[in-house]
$ cat data06.cif   # mmCIF, C-alpha atoms, pLDDT in the B column; chains and numbers go by the auth columns
data_upload
loop_
_atom_site.group_PDB
_atom_site.id
_atom_site.type_symbol
_atom_site.label_atom_id
_atom_site.label_comp_id
_atom_site.label_asym_id
_atom_site.label_seq_id
_atom_site.Cartn_x
_atom_site.Cartn_y
_atom_site.Cartn_z
_atom_site.B_iso_or_equiv
_atom_site.auth_seq_id
_atom_site.auth_asym_id
ATOM 1 C CA MET A 1 10.599 13.941 -52.737 55.00 1 F
ATOM 2 C CA LYS A 2 11.149 13.452 -48.989 54.00 2 F
ATOM 3 C CA SER A 3 8.130 12.747 -46.860 52.00 3 F
ATOM 4 C CA GLN A 4 7.767 15.136 -44.006 56.00 4 F
ATOM 5 C CA LYS A 5 6.332 14.338 -40.612 49.00 5 F
ATOM 6 C CA PRO A 6 3.444 16.506 -39.505 51.00 6 F
ATOM 7 C CA ALA A 7 4.424 19.184 -37.009 53.00 7 F
ATOM 8 C CA GLY A 8 4.176 18.062 -33.374 49.00 8 F
ATOM 9 C CA PHE A 9 5.013 14.397 -33.965 44.00 9 F
ATOM 10 C CA ALA A 10 8.216 12.937 -32.592 46.00 10 F
ATOM 11 C CA LYS A 11 9.615 9.453 -32.352 49.00 11 F
ATOM 12 C CA LEU A 12 9.281 8.197 -28.778 49.00 12 F
ATOM 13 C CA ILE A 13 12.002 5.915 -27.492 57.00 13 F
ATOM 14 C CA TYR A 14 11.712 4.141 -24.141 55.00 14 F
ATOM 15 C CA SER A 15 14.420 2.078 -22.527 58.00 15 F
ATOM 16 C CA PRO A 16 13.662 -1.573 -21.715 57.00 16 F
ATOM 17 C CA LYS A 17 14.132 -0.766 -18.013 55.00 17 F
ATOM 18 C CA SER A 18 11.509 2.006 -18.036 53.00 18 F
ATOM 19 C CA LEU A 19 9.091 -0.240 -19.946 47.00 19 F
ATOM 20 C CA CYS A 20 9.620 -3.016 -17.382 47.00 20 F
ATOM 21 C CA ILE A 21 8.985 -0.607 -14.488 56.00 21 F
ATOM 22 C CA ALA A 22 5.813 0.685 -16.162 51.00 22 F
ATOM 23 C CA PHE A 23 4.649 -2.900 -16.774 52.00 23 F
ATOM 24 C CA LEU A 24 5.247 -3.865 -13.116 52.00 24 F
ATOM 25 C CA LEU A 25 3.404 -0.756 -11.948 53.00 25 F
ATOM 26 C CA VAL A 26 0.375 -1.633 -14.076 49.00 26 F
ATOM 27 C CA LEU A 27 0.421 -5.231 -12.806 47.00 27 F
ATOM 28 C CA THR A 28 0.697 -4.017 -9.202 51.00 28 F
ATOM 29 C CA LEU A 29 -2.316 -1.750 -9.684 48.00 29 F
ATOM 30 C CA LEU A 30 -4.263 -4.600 -11.270 48.00 30 F
ATOM 31 C CA TYR A 31 -3.285 -6.936 -8.409 50.00 31 F
ATOM 32 C CA ALA A 32 -4.307 -4.339 -5.826 47.00 32 F
ATOM 33 C CA GLY A 33 -7.696 -4.132 -7.525 45.00 33 F
ATOM 34 C CA ASN A 34 -8.088 -7.898 -7.173 44.00 34 F
ATOM 35 C CA VAL A 35 -8.820 -7.927 -3.445 46.00 35 F
ATOM 36 C CA ARG A 36 -12.063 -8.069 -1.481 44.00 36 F
ATOM 37 C CA SER A 37 -13.498 -4.845 -0.142 43.00 37 F
ATOM 38 C CA SER A 38 -12.354 -5.928 3.345 44.00 38 F
ATOM 39 C CA ALA A 39 -8.852 -4.867 2.438 48.00 39 F
ATOM 40 C CA VAL A 40 -9.660 -1.415 1.115 49.00 40 F
ATOM 41 C CA PRO A 41 -11.140 0.865 3.777 51.00 41 F
ATOM 42 C CA THR A 42 -12.258 4.364 2.932 60.00 42 F
ATOM 43 C CA HIS A 43 -12.146 5.495 6.570 72.00 43 F
ATOM 44 C CA ALA A 44 -10.629 4.533 9.924 82.00 44 F
ATOM 45 C CA LEU A 45 -12.043 1.166 10.961 89.00 45 F
ATOM 46 C CA SER A 46 -13.267 0.555 14.507 90.00 46 F
ATOM 47 C CA ILE A 47 -12.505 -2.669 16.367 93.00 47 F
ATOM 48 C CA ALA A 48 -16.106 -3.743 15.689 94.00 48 F
ATOM 49 C CA GLU A 49 -15.734 -3.087 11.937 95.00 49 F
ATOM 50 C CA LEU A 50 -12.378 -4.877 11.797 96.00 50 F
ATOM 51 C CA THR A 51 -13.925 -7.835 13.635 96.00 51 F
ATOM 52 C CA LYS A 52 -16.935 -7.993 11.308 96.00 52 F
ATOM 53 C CA ARG A 53 -14.707 -8.005 8.191 96.00 53 F
ATOM 54 C CA SER A 54 -12.330 -10.651 9.600 96.00 54 F
ATOM 55 C CA ASP A 55 -12.273 -14.387 9.056 97.00 55 F
ATOM 56 C CA VAL A 56 -9.426 -14.854 11.557 97.00 56 F
ATOM 57 C CA ILE A 57 -8.355 -12.710 14.536 97.00 57 F
ATOM 58 C CA VAL A 58 -5.289 -13.758 16.537 97.00 58 F
ATOM 59 C CA LEU A 59 -2.711 -12.481 18.996 97.00 59 F
ATOM 60 C CA GLY A 60 0.818 -13.809 18.650 97.00 60 F
ATOM 61 C CA THR A 61 4.500 -13.258 18.006 98.00 61 F
ATOM 62 C CA VAL A 62 5.963 -12.750 14.547 98.00 62 F
ATOM 63 C CA SER A 63 8.182 -15.775 13.908 98.00 63 F
ATOM 64 C CA PHE A 64 9.091 -15.275 10.244 97.00 64 F
ATOM 65 C CA VAL A 65 9.035 -12.486 7.638 96.00 65 F
ATOM 66 C CA ALA A 66 10.173 -13.088 4.050 96.00 66 F
ATOM 67 C CA SER A 67 9.574 -11.456 0.685 95.00 67 F
ATOM 68 C CA ASP A 68 9.631 -13.127 -2.704 95.00 68 F
ATOM 69 C CA TRP A 69 8.201 -12.780 -6.188 95.00 69 F
ATOM 70 C CA ASN A 70 4.645 -14.041 -6.639 91.00 70 F
ATOM 71 C CA VAL A 71 4.096 -17.228 -8.670 90.00 71 F
ATOM 72 C CA ASN A 72 3.776 -15.220 -11.904 91.00 72 F
ATOM 73 C CA GLY A 73 6.952 -13.235 -11.194 91.00 73 F
ATOM 74 C CA THR A 74 5.026 -9.991 -11.567 93.00 74 F
ATOM 75 C CA ALA A 75 4.893 -8.587 -8.022 93.00 75 F
ATOM 76 C CA ILE A 76 6.768 -8.849 -4.741 95.00 76 F
ATOM 77 C CA GLU A 77 4.807 -10.224 -1.795 94.00 77 F
ATOM 78 C CA THR A 78 5.760 -10.644 1.839 96.00 78 F
ATOM 79 C CA ARG A 79 4.760 -13.659 3.923 96.00 79 F
ATOM 80 C CA ILE A 80 4.399 -13.155 7.664 97.00 80 F
ATOM 81 C CA ASP A 81 4.153 -16.110 10.069 97.00 81 F
ATOM 82 C CA LEU A 82 2.833 -15.761 13.615 97.00 82 F
ATOM 83 C CA LYS A 83 3.175 -18.117 16.525 98.00 83 F
ATOM 84 C CA VAL A 84 -0.369 -17.810 17.854 97.00 84 F
ATOM 85 C CA GLU A 85 -0.914 -17.298 21.586 96.00 85 F
ATOM 86 C CA GLU A 86 -4.639 -16.564 21.472 95.00 86 F
ATOM 87 C CA THR A 87 -7.335 -17.002 18.824 96.00 87 F
ATOM 88 C CA PHE A 88 -10.398 -14.763 18.986 96.00 88 F
ATOM 89 C CA LYS A 89 -12.109 -15.713 15.727 97.00 89 F
ATOM 90 C CA GLY A 90 -11.610 -18.442 13.138 95.00 90 F
ATOM 91 C CA THR A 91 -9.217 -21.360 13.353 92.00 91 F
ATOM 92 C CA VAL A 92 -5.457 -21.713 13.075 92.00 92 F
ATOM 93 C CA ASP A 93 -3.360 -24.735 12.204 90.00 93 F
ATOM 94 C CA GLN A 94 -1.078 -26.048 14.979 90.00 94 F
ATOM 95 C CA GLY A 95 -0.728 -22.707 16.732 93.00 95 F
ATOM 96 C CA LYS A 96 0.608 -20.941 13.636 96.00 96 F
ATOM 97 C CA VAL A 97 -0.895 -18.625 11.048 97.00 97 F
ATOM 98 C CA SER A 98 0.622 -17.261 7.825 96.00 98 F
ATOM 99 C CA PHE A 99 -0.619 -14.297 5.846 96.00 99 F
ATOM 100 C CA HIS A 100 0.586 -12.218 2.910 95.00 100 F
ATOM 101 C CA GLN A 101 0.740 -8.615 1.858 94.00 101 F
ATOM 102 C CA LEU A 102 1.836 -6.876 -1.290 92.00 102 F
ATOM 103 C CA GLY A 103 5.313 -5.330 -1.269 93.00 103 F
ATOM 104 C CA GLY A 104 8.738 -6.171 0.119 93.00 104 F
ATOM 105 C CA VAL A 105 12.373 -6.435 -0.915 93.00 105 F
ATOM 106 C CA VAL A 106 13.914 -9.169 -3.074 94.00 106 F
ATOM 107 C CA GLY A 107 17.612 -8.715 -3.738 93.00 107 F
ATOM 108 C CA GLU A 108 18.098 -5.135 -4.890 93.00 108 F
ATOM 109 C CA ILE A 109 14.476 -4.650 -5.930 93.00 109 F
ATOM 110 C CA ALA A 110 11.995 -3.069 -3.532 91.00 110 F
ATOM 111 C CA SER A 111 8.253 -2.734 -3.901 92.00 111 F
ATOM 112 C CA SER A 112 6.288 -0.737 -1.370 87.00 112 F
ATOM 113 C CA VAL A 113 2.625 -0.136 -0.702 88.00 113 F
ATOM 114 C CA GLY A 114 1.865 2.984 1.314 84.00 114 F
ATOM 115 C CA GLU A 115 -0.846 1.387 3.435 84.00 115 F
ATOM 116 C CA ALA A 116 1.034 -1.846 4.168 88.00 116 F
ATOM 117 C CA ALA A 117 1.934 -2.650 7.767 90.00 117 F
ATOM 118 C CA SER A 118 5.508 -3.449 8.743 91.00 118 F
ATOM 119 C CA PHE A 119 6.415 -6.544 10.741 94.00 119 F
ATOM 120 C CA GLU A 120 9.593 -7.617 12.546 94.00 120 F
ATOM 121 C CA GLU A 121 10.504 -11.039 13.844 96.00 121 F
ATOM 122 C CA GLY A 122 9.921 -11.212 17.600 96.00 122 F
ATOM 123 C CA GLU A 123 7.265 -8.470 17.507 95.00 123 F
ATOM 124 C CA LYS A 124 4.070 -9.222 19.442 96.00 124 F
ATOM 125 C CA VAL A 125 0.923 -8.300 17.498 96.00 125 F
ATOM 126 C CA ALA A 126 -2.819 -8.752 17.206 96.00 126 F
ATOM 127 C CA VAL A 127 -4.024 -9.066 13.616 97.00 127 F
ATOM 128 C CA PHE A 128 -7.375 -9.030 11.832 97.00 128 F
ATOM 129 C CA LEU A 129 -7.249 -11.236 8.722 97.00 129 F
ATOM 130 C CA PHE A 130 -9.589 -12.089 5.853 97.00 130 F
ATOM 131 C CA LYS A 131 -9.402 -14.767 3.171 94.00 131 F
ATOM 132 C CA SER A 132 -8.712 -13.212 -0.215 90.00 132 F
ATOM 133 C CA ASN A 133 -10.303 -14.445 -3.425 85.00 133 F
ATOM 134 C CA ARG A 134 -7.094 -16.518 -3.823 83.00 134 F
ATOM 135 C CA ASP A 135 -7.933 -18.195 -0.473 86.00 135 F
ATOM 136 C CA ARG A 136 -4.947 -16.606 1.287 93.00 136 F
ATOM 137 C CA LEU A 137 -5.074 -14.607 4.481 96.00 137 F
ATOM 138 C CA GLN A 138 -4.428 -10.853 4.299 95.00 138 F
ATOM 139 C CA LEU A 139 -4.752 -7.970 6.753 96.00 139 F
ATOM 140 C CA VAL A 140 -8.141 -6.299 6.909 95.00 140 F
ATOM 141 C CA GLY A 141 -7.740 -2.641 5.982 92.00 141 F
ATOM 142 C CA PHE A 142 -4.003 -2.919 5.339 90.00 142 F
ATOM 143 C CA PHE A 143 -2.155 -1.360 8.328 90.00 143 F
ATOM 144 C CA GLN A 144 -5.441 -0.927 10.228 91.00 144 F
ATOM 145 C CA GLY A 145 -5.612 -4.694 10.675 94.00 145 F
ATOM 146 C CA LYS A 146 -2.405 -4.753 12.750 94.00 146 F
ATOM 147 C CA PHE A 147 -2.068 -3.765 16.399 93.00 147 F
ATOM 148 C CA ALA A 148 1.309 -3.823 18.137 91.00 148 F
ATOM 149 C CA VAL A 149 1.206 -5.289 21.644 93.00 149 F
ATOM 150 C CA GLU A 150 3.593 -3.482 23.992 89.00 150 F
ATOM 151 C CA ARG A 151 4.291 -3.094 27.683 88.00 151 F
ATOM 152 C CA ARG A 152 3.381 0.385 28.948 83.00 152 F
ATOM 153 C CA HIS A 153 5.526 2.356 31.374 83.00 153 F
ATOM 154 C CA ASP A 154 3.179 1.231 34.193 86.00 154 F
ATOM 155 C CA GLY A 155 3.867 -2.431 33.331 86.00 155 F
ATOM 156 C CA GLN A 156 0.449 -3.173 31.796 87.00 156 F
ATOM 157 C CA MET A 157 0.173 -4.637 28.314 89.00 157 F
ATOM 158 C CA ALA A 158 -1.417 -2.355 25.735 88.00 158 F
ATOM 159 C CA VAL A 159 -2.205 -2.345 22.027 86.00 159 F
ATOM 160 C CA ARG A 160 -1.479 0.428 19.547 82.00 160 F
ATOM 161 C CA ARG A 161 -1.991 0.929 15.851 72.00 161 F
ATOM 162 C CA ILE A 162 1.127 3.029 15.375 66.00 162 F
ATOM 163 C CA PRO A 163 4.011 1.493 17.351 55.00 163 F
ATOM 164 C CA GLY A 164 7.167 3.342 18.237 54.00 164 F
ATOM 165 C CA VAL A 165 5.802 6.861 18.621 57.00 165 F
ATOM 166 C CA SER A 166 6.352 8.631 21.930 57.00 166 F
ATOM 167 C CA LYS A 167 2.767 9.849 22.463 57.00 167 F
ATOM 168 C CA PRO A 168 0.368 7.354 20.904 56.00 168 F
ATOM 169 C CA LEU A 169 -3.187 8.514 20.368 60.00 169 F
ATOM 170 C CA ASP A 170 -4.719 5.066 20.233 67.00 170 F
ATOM 171 C CA GLN A 171 -2.954 3.097 22.955 79.00 171 F
ATOM 172 C CA PHE A 172 -5.281 1.227 25.273 84.00 172 F
ATOM 173 C CA PRO A 173 -5.050 -1.750 27.640 90.00 173 F
ATOM 174 C CA LEU A 174 -4.868 -5.180 26.034 93.00 174 F
ATOM 175 C CA ASP A 175 -7.766 -6.396 28.210 93.00 175 F
ATOM 176 C CA ASN A 176 -10.010 -3.618 26.809 92.00 176 F
ATOM 177 C CA PHE A 177 -8.974 -4.588 23.275 91.00 177 F
ATOM 178 C CA LYS A 178 -9.879 -8.240 23.915 94.00 178 F
ATOM 179 C CA LEU A 179 -13.234 -7.208 25.401 94.00 179 F
ATOM 180 C CA GLN A 180 -14.082 -5.051 22.357 93.00 180 F
ATOM 181 C CA VAL A 181 -13.249 -7.924 20.007 95.00 181 F
ATOM 182 C CA GLN A 182 -15.330 -10.398 22.039 94.00 182 F
ATOM 183 C CA GLU A 183 -18.294 -7.991 22.148 95.00 183 F
ATOM 184 C CA ALA A 184 -18.109 -7.471 18.380 95.00 184 F
ATOM 185 C CA ILE A 185 -18.101 -11.238 17.762 93.00 185 F
ATOM 186 C CA THR A 186 -21.227 -11.867 19.833 87.00 186 F
#
$ encode --input "data06.cif" --output "structure tokens"
Amino acid sequence: MKSQKPAGFAKLIYSPKSLCIAFLLVLTLLYAGNVRSSAVPTHALSIAELTKRSDVIVLGTVSFVASDWNVNGTAIETRIDLKVEETFKGTVDQGKVSFHQLGGVVGEIASSVGEAASFEEGEKVAVFLFKSNRDRLQLVGFFQGKFAVERRHDGQMAVRRIPGVSKPLDQFPLDNFKLQVQEAIT
């Protein structure tokens, strides 16, 4: 007599590729949960809030951007190096600071995080950084911890959270930005 399967049951078959993708997704979610609350804002952060949550605040030029697999080979991370021109809070080693964020491209594999900031070599930025539980620097509040530094049409330097848009809502003079950071530190 043949055994019959109960109605509604089917054999599920998953390809190795789909299992690998699901595994990496789970690991990425677990990794994202392994960061201090400084990295995960629930609202727009003010300069004062960013300053309070930061261990290091610097202004500089992006000198290097590279993505690679983490040490466990489970997630792609991007390292960003800045040549520091001005330090507002914390200390930097020999005028350079390196920090990491989740996501990037390695070969033909891309991993992206919706709240991650983008960086380009030669770009001038101000960044708010905190030390993660792995003792590595990361942006406070993901993209909120990055301000692009640009020259306005009137020649003055200004900072903006969202670079490259024609009518920025949050562009303001660099001197005002520096003053707000200094006031929040004291």
$ closest_residue --input "data06.cif" --among "F:Arg161, F:Lys124, F:Lys89, F:His153" --to "Ser54 of chain F" --atoms "all atoms listed in the file"
F:Lys89
$ axis_aligned_box --input "data06.cif" --around "segment 108-122 of chain F" --padding-each-side "5 Å" --output "AutoDock Vina command-line options"
--center_x 8.6 --center_y -4.1 --center_z 5.8 --size_x 28.9 --size_y 24.2 --size_z 33.5
$ resolve_selection --input "data06.cif" --expression "the PyMOL selection byres ((chain F and resi 178) around 12)" --output "VMD selection string"
chain F and resid 47 to 48 51 57 to 59 86 to 89 126 to 127 147 149 157 to 159 172 to 177 179 to 185
$ resolve_selection --input "data06.cif" --expression "the PyMOL selection byres ((chain F and resi 94) around 12)" --output "list in words"
Leu82, Lys83, Val84, Glu85, Thr87, Thr91, Val92, Asp93, Gly95, Lys96, Val97 and Ser98 of chain F
$ closest_residue --input "data06.cif" --among "F:Thr74, F:Lys131, F:Gln171, F:Gly155" --to "Val56 of chain F" --atoms "all atoms listed in the file"
F:Lys131
$ atom_distance --input "data06.cif" --atom1 "atom CA of Gly141 of chain F" --atom2 "atom CA of Gly90 of chain F"
17.8 Å
$ closest_residue --input "data06.cif" --among "F:Asp135, F:Glu150, F:Glu77, F:Asp55" --to "Val105 of chain F" --atoms "all atoms listed in the file"
F:Glu77
$ resolve_selection --input "data06.cif" --expression "the PyMOL selection byres ((chain F and resi 107) around 12)" --output "PyMOL selection string"
chain F and resi 66-69+76+104-106+108-111
$ residues_around --input "data06.cif" --residues "Lys146 of chain F" --least-positions-apart "3" --cutoff "9 Å" --atoms "only C-alpha atoms" --output "PyMOL selection string"
chain F and resi 117-118+125-128+139-143+160-162
$ atom_distance --input "data06.cif" --atom1 "atom CA of Arg79 of chain F" --atom2 "atom CA of Phe119 of chain F"
10.0 Å
$ atom_distance --input "data06.cif" --atom1 "atom CA of Leu102 of chain F" --atom2 "atom CA of Ser63 of chain F"
18.7 Å
$ residues_around --input "data06.cif" --residues "Phe99 of chain F" --least-positions-apart "3" --cutoff "7 Å" --atoms "only C-alpha atoms" --output "VMD selection string"
chain F and resid 79 to 81 136 to 138
$ closest_residue --input "data06.cif" --among "F:Ala148, F:Ala75, F:Ala44, F:Val62" --to "Glu121 of chain F" --atoms "only C-alpha atoms"
F:Val62
